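Enquirer: Sharing a structure with you now.
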Amino acid sequence: MLSGVGHQLRRMASSVSSDARFIFRQWFDRESCTYTYLLGDADTKEALIIDPVIQLAERDAQQVQDMGLNLKYVMNTHVHADHITGTGLLKKLLACTNVKSVISKESGAEADVYVSGGDEITFGDMVVEVRSTPGHTNGCISYVFHAGRRVFTGDALLIRGCGRTDFQEGNSETLYNSVNSQIFSLPDDYFVYPAHDYKGLTVSTVGEEKKYNPRLSKPLDEFKTIMSNLNLDYPKQIDVALPANRVCGLYNLPAALTEKYGDKLVAK
């Protein structure tokens, strides 16, 4: 029995080891429990960032510079309600690289590039596929990186959970259908990287979530009942985050951020 477990662990370790073709980093914000992701082409050094947080934009920009990367895109999975995006500030901190912001066409937010399900985003010789996964919000999208067998699910699918559906255009049936058709349709060994985790978990797989997710492994009617009885608190940062995130995180910001960054936070 132990030898079988050991074999499984070795196989998992091998599957998540670095791939010489691309660069991958997962960063964390303790305040909002948000994961930010970096993907880069190892040969061309073109890169993209997914779901940055404004308080840690300097960290992200420094990492990009340290690794000698050319940041091509800063992408959000949706208009977040629990933190202010670092998109706008990253564009200003790395202005010399002509970074472009990316968000769903259905989000209602400003961006340089609008995407819809079926679109592809290229960086170097690498490609990320856009899949529309509404239900938490109308503008939720997931990014599938087939070369690395990874899917970045935003709040649509969390590790053993999912995004709430009781505000901001939320709809339980829509979310259930989105996850099943657009994420659970991927191969079982694809790694699931969500926008948040509150229990210290960093990664899952499609196969694990199909089997063990206590909400989305259930039939639709049971899922809808679960979601309607969560009784969650009102998001603490929503009144600040939503208006800012509609303009790349550069509007009506907390005084501490305005004082720190000054003119860098003036939307243009």
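Following the order of the structure tokens, chains are lettered A, B, ..., residues in each are numbered from 1, and ligands are numbered from 1.
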Show me a table, sorted first by chain and then by increasing residue number, of the residues of region 112-141 of chain A having an atom at most 12 Å from region 39-44 of chain A, each with its shortest atom pair and the distance in Å to one decimal, counting only C-alpha atoms and written as JSON lines.
Expert:
{"residue": "A:Ile121", "atom": "CA", "partner": "A:Leu39", "partner_atom": "CA", "distance": 11.7}
{"residue": "A:Thr122", "atom": "CA", "partner": "A:Asp41", "partner_atom": "CA", "distance": 9.8}
{"residue": "A:Phe123", "atom": "CA", "partner": "A:Asp41", "partner_atom": "CA", "distance": 6.7}
{"residue": "A:Gly124", "atom": "CA", "partner": "A:Thr44", "partner_atom": "CA", "distance": 5.5}
{"residue": "A:Asp125", "atom": "CA", "partner": "A:Asp41", "partner_atom": "CA", "distance": 6.8}
{"residue": "A:Met126", "atom": "CA", "partner": "A:Asp41", "partner_atom": "CA", "distance": 6.3}
{"residue": "A:Val127", "atom": "CA", "partner": "A:Asp41", "partner_atom": "CA", "distance": 9.6}
{"residue": "A:Val128", "atom": "CA", "partner": "A:Leu39", "partner_atom": "CA", "distance": 9.7}
Enquirer: DSSP on the backbone, helix (DSSP H, G or I) only: what residues of region 3-239 of chain A does that give? Format it as a ChimeraX atom specification.
Expert: /A:3-15,54-66,87-93,95-97,146-148,172-183,206-212,220-228,238-239
Enquirer: Using only C-alpha atoms, which residue out of A:Thr77, A:Thr133, A:Thr153, A:Ser104 lies closest to Pro194 (chain A)?
Expert: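 Checking each candidate against Pro194 (chain A), we get A:Thr153 as the closest.
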Enquirer: Of the candidates A:Trp27, A:Tyr212, A:Tyr73, A:Tyr35, which shows the shortest atom-to-atom distance to Ala195 (chain A), using only C-alpha atoms?
Expert: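 With only C-alpha atoms as the atom set, the closest residue is A:Tyr35.
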Enquirer: Name all residues at most 7 Å from region 230-246 of chain A (count only C-alpha atoms; drop same-chain ones fewer than 4 positions away) and give them as a short mmCIF file (atom, residue, chain, number, x, y, z; two decimals) with C-alpha atoms, in the first residue's frame.
Expert:
data_model
loop_
_atom_site.label_atom_id
_atom_site.label_comp_id
_atom_site.auth_asym_id
_atom_site.auth_seq_id
_atom_site.Cartn_x
_atom_site.Cartn_y
_atom_site.Cartn_z
CA VAL A 79 -14.55 42.12 -11.91
CA HIS A 80 -13.49 41.23 -8.38
CA ALA A 81 -15.49 42.32 -5.33
CA ASP A 82 -12.99 41.40 -2.61
CA HIS A 83 -9.87 43.32 -3.67
CA ILE A 84 -8.75 46.09 -6.00
CA THR A 85 -7.02 44.82 -9.09
CA GLY A 108 -18.78 45.97 -18.08
CA ALA A 109 -15.25 47.06 -17.14
CA GLU A 110 -12.67 49.05 -19.08
CA ILE A 226 -26.72 24.45 -1.22
CA LEU A 250 -7.61 53.33 -10.69
CA TYR A 251 -10.59 55.11 -9.12
CA ASN A 252 -11.59 56.39 -5.67
#
